[in-house]
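S.K.: Please find one structure pasted underneath; my questions will follow.
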Amino acid sequence: MEQSKEQKVHHVFEKIYGNYDKMNSLISFKQHLKWRKATMAIMNVPKGAHALDVCCGTADWTIALANEVGPEGKVVGLDFSKNMLKIGEQKVKELNLDQVSLMHGNAMELPFEDNSFDYVTIGFGLRNVPDYMKVLKELNRVAKPGGMVVCLDTSQPTMLGFKQGYYFYFRFIMPMFGKLFAKSYSEYSWLQESARDFPGMKKLENMFKQAGMENVSYKAHFGGVAATHFGYKPSK
């Protein structure tokens, strides 16, 4: 019996959690850290803000948000992989970040009231959900009026030559890295499939608008291999 996308993704992250941080740095040549830093600079999160990090994984972006909001703020990290959350919980505990709470949950049905957060983020998680639009609408729903929704994820480069090299790397090299360094060839092969099928920058921008957000913009990273999209929930 063929697994659904949700079941596949859950299996992948429940298995690779122990090597996830190491592999992220290896696969992206540590560029994902620069992309998140550039994204945070644009977000300009103030002290005391309330933020939600969806598909938080091992909580790196959750922790970055916590450092910005400070002790007077609040950050919730949500993920559907309990094994990934265990890694995140350990990090949060070691850093004594009392403003952070991590919880098990599904991005398709966020367990929060409407208009709850000043900032809602999702990092390298949207491409793995079964229904992009449903999740975007959920992100918009739980954001406060005027709140910011931010998605950092892989994208589709358009420059000729660079584009072909990107697809070759993702299809052949990345799964081999998974096999060599994490003993997880099939799992990393699946991750390249989810990245290959993910909408390009302009299409995702339009999806943000269709989900109800306004003043939507995006920033491409490293020739378009990744991009950050920003949208705002209408104030009224």
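Every chain in the structure tokens takes a letter, A first, then B, and so on in the order presented; its residues are numbered from 1, and the ligands are numbered from 1 following the presented order.
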Within 10 Å of stretch 37-45 of chain A, which residues of stretch 114-151 of chain A show up? Give each one with its shortest atom-to-atom distance in Å (one decimal) and the two atoms involved, counting only C-alpha atoms, rows by chain then rising residue number, as CSV.
M.R.:
```
residue,atom,partner,partner_atom,distance
A:Asp118,CA,A:Val45,CA,9.0
A:Tyr119,CA,A:Val45,CA,8.1
A:Met148,CA,A:Met43,CA,8.1
A:Val149,CA,A:Met43,CA,9.6
A:Val150,CA,A:Met43,CA,8.4
A:Cys151,CA,A:Thr39,CA,9.3
```
S.K.: Report the residues of stretch 45-234 of chain A whose backbone DSSP state falls under strand (DSSP E or B), written as an mmCIF file with N, CA and C atoms, in the first residue's frame.
M.R.:
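Generated output (part_26.cif):
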```
data_model
loop_
_atom_site.group_PDB
_atom_site.id
_atom_site.type_symbol
_atom_site.label_atom_id
_atom_site.label_comp_id
_atom_site.auth_asym_id
_atom_site.auth_seq_id
_atom_site.Cartn_x
_atom_site.Cartn_y
_atom_site.Cartn_z
ATOM 1 N N HIS A 50 5.265 38.094 19.999
ATOM 2 C CA HIS A 50 4.842 36.695 20.072
ATOM 3 C C HIS A 50 5.006 36.078 18.688
ATOM 4 N N ALA A 51 5.701 34.946 18.616
ATOM 5 C CA ALA A 51 5.994 34.329 17.323
ATOM 6 C C ALA A 51 5.680 32.835 17.353
ATOM 7 N N LEU A 52 5.334 32.318 16.203
ATOM 8 C CA LEU A 52 5.101 30.889 16.013
ATOM 9 C C LEU A 52 6.017 30.390 14.903
ATOM 10 N N ASP A 53 6.759 29.326 15.176
ATOM 11 C CA ASP A 53 7.629 28.704 14.176
ATOM 12 C C ASP A 53 7.045 27.340 13.824
ATOM 13 N N VAL A 54 6.454 27.242 12.637
ATOM 14 C CA VAL A 54 5.769 26.023 12.191
ATOM 15 C C VAL A 54 6.778 25.112 11.479
ATOM 16 N N LYS A 74 7.401 35.736 23.548
ATOM 17 C CA LYS A 74 6.971 34.332 23.584
ATOM 18 C C LYS A 74 7.155 33.728 22.192
ATOM 19 N N VAL A 75 7.721 32.527 22.149
ATOM 20 C CA VAL A 75 7.879 31.808 20.886
ATOM 21 C C VAL A 75 7.387 30.382 21.060
ATOM 22 N N VAL A 76 6.544 29.955 20.147
ATOM 23 C CA VAL A 76 6.072 28.571 20.130
ATOM 24 C C VAL A 76 6.645 27.885 18.889
ATOM 25 N N GLY A 77 7.248 26.729 19.082
ATOM 26 C CA GLY A 77 7.716 25.915 17.960
ATOM 27 C C GLY A 77 6.837 24.685 17.843
ATOM 28 N N LEU A 78 6.386 24.397 16.625
ATOM 29 C CA LEU A 78 5.486 23.262 16.403
ATOM 30 C C LEU A 78 6.032 22.359 15.311
ATOM 31 N N ASP A 79 5.990 21.050 15.556
ATOM 32 C CA ASP A 79 6.445 20.096 14.540
ATOM 33 C C ASP A 79 5.697 18.780 14.749
ATOM 34 N N VAL A 100 10.343 30.025 25.354
ATOM 35 C CA VAL A 100 10.078 29.077 24.264
ATOM 36 C C VAL A 100 9.259 27.897 24.771
ATOM 37 N N SER A 101 8.257 27.511 24.007
ATOM 38 C CA SER A 101 7.555 26.251 24.252
ATOM 39 C C SER A 101 7.478 25.489 22.940
ATOM 40 N N LEU A 102 7.798 24.201 22.992
ATOM 41 C CA LEU A 102 7.753 23.344 21.807
ATOM 42 C C LEU A 102 6.586 22.379 21.946
ATOM 43 N N MET A 103 5.894 22.141 20.841
ATOM 44 C CA MET A 103 4.730 21.265 20.915
ATOM 45 C C MET A 103 4.587 20.421 19.664
ATOM 46 N N HIS A 104 3.994 19.266 19.846
ATOM 47 C CA HIS A 104 3.721 18.344 18.750
ATOM 48 C C HIS A 104 2.416 18.757 18.089
ATOM 49 N N ASN A 106 0.308 19.541 13.851
ATOM 50 C CA ASN A 106 0.268 19.435 12.399
ATOM 51 C C ASN A 106 0.061 20.809 11.768
ATOM 52 N N GLU A 109 -3.428 21.789 10.451
ATOM 53 C CA GLU A 109 -4.482 22.162 11.403
ATOM 54 C C GLU A 109 -3.819 22.721 12.655
ATOM 55 N N PHE A 117 -0.553 35.549 16.761
ATOM 56 C CA PHE A 117 0.887 35.801 16.732
ATOM 57 C C PHE A 117 1.255 37.009 15.874
ATOM 58 N N ASP A 118 2.299 37.731 16.338
ATOM 59 C CA ASP A 118 2.827 38.860 15.562
ATOM 60 C C ASP A 118 3.617 38.376 14.349
ATOM 61 N N TYR A 119 4.294 37.246 14.506
ATOM 62 C CA TYR A 119 5.112 36.664 13.438
ATOM 63 C C TYR A 119 4.828 35.167 13.359
ATOM 64 N N VAL A 120 4.700 34.670 12.140
ATOM 65 C CA VAL A 120 4.524 33.239 11.914
ATOM 66 C C VAL A 120 5.543 32.824 10.856
ATOM 67 N N THR A 121 6.408 31.876 11.197
ATOM 68 C CA THR A 121 7.464 31.452 10.273
ATOM 69 C C THR A 121 7.330 29.972 9.949
ATOM 70 N N ILE A 122 7.850 29.602 8.787
ATOM 71 C CA ILE A 122 7.978 28.192 8.415
ATOM 72 C C ILE A 122 9.254 28.068 7.578
ATOM 73 N N GLY A 123 10.203 27.287 8.077
ATOM 74 C CA GLY A 123 11.500 27.176 7.421
ATOM 75 C C GLY A 123 11.750 25.779 6.878
ATOM 76 N N ALA A 143 -1.978 34.431 12.372
ATOM 77 C CA ALA A 143 -1.269 35.712 12.490
ATOM 78 C C ALA A 143 -2.250 36.792 12.939
ATOM 79 N N LYS A 144 -1.751 37.737 13.721
ATOM 80 C CA LYS A 144 -2.568 38.875 14.122
ATOM 81 C C LYS A 144 -2.791 39.793 12.924
ATOM 82 N N PRO A 145 -3.842 40.592 12.911
ATOM 83 C CA PRO A 145 -4.005 41.594 11.853
ATOM 84 C C PRO A 145 -2.755 42.479 11.782
ATOM 85 N N GLY A 146 -2.180 42.587 10.603
ATOM 86 C CA GLY A 146 -0.931 43.320 10.430
ATOM 87 C C GLY A 146 0.304 42.487 10.705
ATOM 88 N N GLY A 147 0.107 41.242 11.158
ATOM 89 C CA GLY A 147 1.230 40.367 11.465
ATOM 90 C C GLY A 147 1.919 39.855 10.211
ATOM 91 N N MET A 148 3.159 39.415 10.388
ATOM 92 C CA MET A 148 3.979 38.969 9.251
ATOM 93 C C MET A 148 4.067 37.445 9.186
ATOM 94 N N VAL A 149 3.886 36.917 7.977
ATOM 95 C CA VAL A 149 4.064 35.489 7.709
ATOM 96 C C VAL A 149 5.309 35.334 6.839
ATOM 97 N N VAL A 150 6.215 34.446 7.226
ATOM 98 C CA VAL A 150 7.505 34.310 6.544
ATOM 99 C C VAL A 150 7.783 32.843 6.227
ATOM 100 N N CYS A 151 8.144 32.588 4.976
ATOM 101 C CA CYS A 151 8.493 31.235 4.543
ATOM 102 C C CYS A 151 9.874 31.251 3.909
ATOM 103 N N LEU A 152 10.807 30.504 4.486
ATOM 104 C CA LEU A 152 12.133 30.295 3.910
ATOM 105 C C LEU A 152 12.202 28.846 3.441
ATOM 106 N N ASP A 153 12.480 28.659 2.152
ATOM 107 C CA ASP A 153 12.483 27.295 1.627
ATOM 108 C C ASP A 153 13.317 27.231 0.357
ATOM 109 N N THR A 154 13.506 26.006 -0.123
ATOM 110 C CA THR A 154 14.162 25.835 -1.411
ATOM 111 C C THR A 154 13.291 26.457 -2.496
ATOM 112 N N GLU A 214 -1.237 40.278 2.057
ATOM 113 C CA GLU A 214 -1.010 41.472 1.245
ATOM 114 C C GLU A 214 0.446 41.929 1.388
ATOM 115 N N ASN A 215 0.841 42.880 0.535
ATOM 116 C CA ASN A 215 2.217 43.403 0.535
ATOM 117 C C ASN A 215 3.236 42.259 0.493
ATOM 118 N N VAL A 216 2.971 41.287 -0.376
ATOM 119 C CA VAL A 216 3.816 40.101 -0.472
ATOM 120 C C VAL A 216 5.083 40.418 -1.265
ATOM 121 N N SER A 217 6.207 39.940 -0.764
ATOM 122 C CA SER A 217 7.483 40.128 -1.459
ATOM 123 C C SER A 217 8.347 38.889 -1.228
ATOM 124 N N TYR A 218 9.449 38.814 -1.958
ATOM 125 C CA TYR A 218 10.367 37.691 -1.717
ATOM 126 C C TYR A 218 11.802 38.107 -1.969
ATOM 127 N N LYS A 219 12.709 37.365 -1.334
ATOM 128 C CA LYS A 219 14.141 37.583 -1.510
ATOM 129 C C LYS A 219 14.769 36.266 -1.934
ATOM 130 N N ALA A 220 15.438 36.279 -3.085
ATOM 131 C CA ALA A 220 16.114 35.080 -3.571
ATOM 132 C C ALA A 220 17.470 34.933 -2.887
ATOM 133 N N HIS A 221 17.895 33.693 -2.670
ATOM 134 C CA HIS A 221 19.193 33.409 -2.070
ATOM 135 C C HIS A 221 20.016 32.547 -3.013
ATOM 136 N N ALA A 226 17.206 28.967 -3.086
ATOM 137 C CA ALA A 226 16.286 29.126 -1.958
ATOM 138 C C ALA A 226 15.709 30.537 -2.032
ATOM 139 N N ALA A 227 14.630 30.759 -1.311
ATOM 140 C CA ALA A 227 14.001 32.086 -1.293
ATOM 141 C C ALA A 227 13.211 32.254 -0.009
ATOM 142 N N THR A 228 13.117 33.502 0.423
ATOM 143 C CA THR A 228 12.256 33.848 1.553
ATOM 144 C C THR A 228 11.092 34.671 1.039
ATOM 145 N N HIS A 229 9.885 34.272 1.408
ATOM 146 C CA HIS A 229 8.679 35.025 1.053
ATOM 147 C C HIS A 229 8.112 35.676 2.313
ATOM 148 N N PHE A 230 7.682 36.910 2.159
ATOM 149 C CA PHE A 230 7.113 37.690 3.254
ATOM 150 C C PHE A 230 5.708 38.124 2.870
ATOM 151 N N GLY A 231 4.777 37.978 3.787
ATOM 152 C CA GLY A 231 3.417 38.458 3.556
ATOM 153 C C GLY A 231 2.842 39.000 4.853
ATOM 154 N N TYR A 232 1.852 39.867 4.735
ATOM 155 C CA TYR A 232 1.224 40.460 5.906
ATOM 156 C C TYR A 232 -0.264 40.144 5.922
#
```
S.K.: Name the residues in contact with A:Lys134 at a cut-off of 12 Å, using only C-alpha atoms, excluding same-chain residues fewer than 3 positions from it; report them as a list in words.
M.R.: Asn106, Ala107, Met108, Glu109, Leu110, Leu126, Val129, Pro130, Asp131, Lys137, Glu138, Leu139, Asn140, Arg141, Met207, Phe208, Gln210, Ala211 and Gly212 of chain A
S.K.: How would the residues just picked look written out with N, CA and C atoms as a compact mmCIF listing (two decimals), in the first residue's frame?
M.R.:
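What landed in selection39.txt:
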```txt
# COMPACT_ATOMS: atom_id res chain seq x y z
N ASN A 106 0.31 19.54 13.85
CA ASN A 106 0.27 19.44 12.40
C ASN A 106 0.06 20.81 11.77
N ALA A 107 0.91 21.15 10.81
CA ALA A 107 0.81 22.44 10.13
C ALA A 107 -0.50 22.60 9.37
N MET A 108 -1.13 21.49 9.01
CA MET A 108 -2.38 21.54 8.27
C MET A 108 -3.56 21.99 9.15
N GLU A 109 -3.43 21.79 10.45
CA GLU A 109 -4.48 22.16 11.40
C GLU A 109 -3.82 22.72 12.65
N LEU A 110 -3.45 23.98 12.61
CA LEU A 110 -2.73 24.59 13.73
C LEU A 110 -3.65 24.73 14.94
N LEU A 126 7.41 23.99 4.27
CA LEU A 126 6.22 24.09 3.42
C LEU A 126 6.27 23.08 2.28
N VAL A 129 4.63 19.58 3.10
CA VAL A 129 3.25 19.37 3.53
C VAL A 129 2.40 18.88 2.36
N PRO A 130 1.28 18.20 2.64
CA PRO A 130 0.45 17.66 1.56
C PRO A 130 -0.28 18.73 0.75
N ASP A 131 -0.60 19.87 1.37
CA ASP A 131 -1.40 20.90 0.70
C ASP A 131 -0.81 22.27 1.05
N LYS A 137 -2.93 29.25 4.33
CA LYS A 137 -4.14 29.84 4.92
C LYS A 137 -4.13 29.70 6.44
N GLU A 138 -3.61 28.58 6.93
CA GLU A 138 -3.50 28.40 8.38
C GLU A 138 -2.49 29.39 8.98
N LEU A 139 -1.37 29.59 8.31
CA LEU A 139 -0.38 30.55 8.79
C LEU A 139 -0.99 31.95 8.86
N ASN A 140 -1.73 32.30 7.83
CA ASN A 140 -2.38 33.61 7.79
C ASN A 140 -3.46 33.72 8.87
N ARG A 141 -4.18 32.65 9.10
CA ARG A 141 -5.27 32.66 10.08
C ARG A 141 -4.78 32.98 11.49
N MET A 207 0.61 32.49 -4.48
CA MET A 207 -0.08 31.66 -3.52
C MET A 207 -0.25 32.37 -2.18
N PHE A 208 0.75 33.12 -1.77
CA PHE A 208 0.63 33.94 -0.56
C PHE A 208 -0.57 34.88 -0.69
N GLN A 210 -3.17 34.56 -2.70
CA GLN A 210 -4.41 33.78 -2.75
C GLN A 210 -4.82 33.30 -1.35
N ALA A 211 -3.84 33.13 -0.47
CA ALA A 211 -4.12 32.69 0.90
C ALA A 211 -4.62 33.84 1.77
N GLY A 212 -4.65 35.04 1.21
CA GLY A 212 -5.22 36.17 1.94
C GLY A 212 -4.23 37.21 2.41
```
S.K.: DSSP on the backbone: what in stretch 62-93 of chain A comes out helix (DSSP H, G or I), as number ranges by chain?
M.R.: A: 62-69, 82-93
S.K.: I'd like to know which of A:Gly200, A:Pro71, A:Pro157, A:Pro111 is closest to A:Gly223, using only C-alpha atoms.
M.R.: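 Using only C-alpha atoms, A:Gly223 sits closest to A:Pro157.
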S.K.: Which distance in Å separates atom CA of A:Asn115 and atom CA of A:Leu136, to one decimal?
M.R.: 14.3 Å
S.K.: Calculated over only C-alpha atoms, which of the candidates A:Leu85, A:Leu97, A:Cys56, A:Val142 has the smallest distance to A:Glu68?
M.R.: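 Closest to A:Glu68 of all the choices is A:Leu97.
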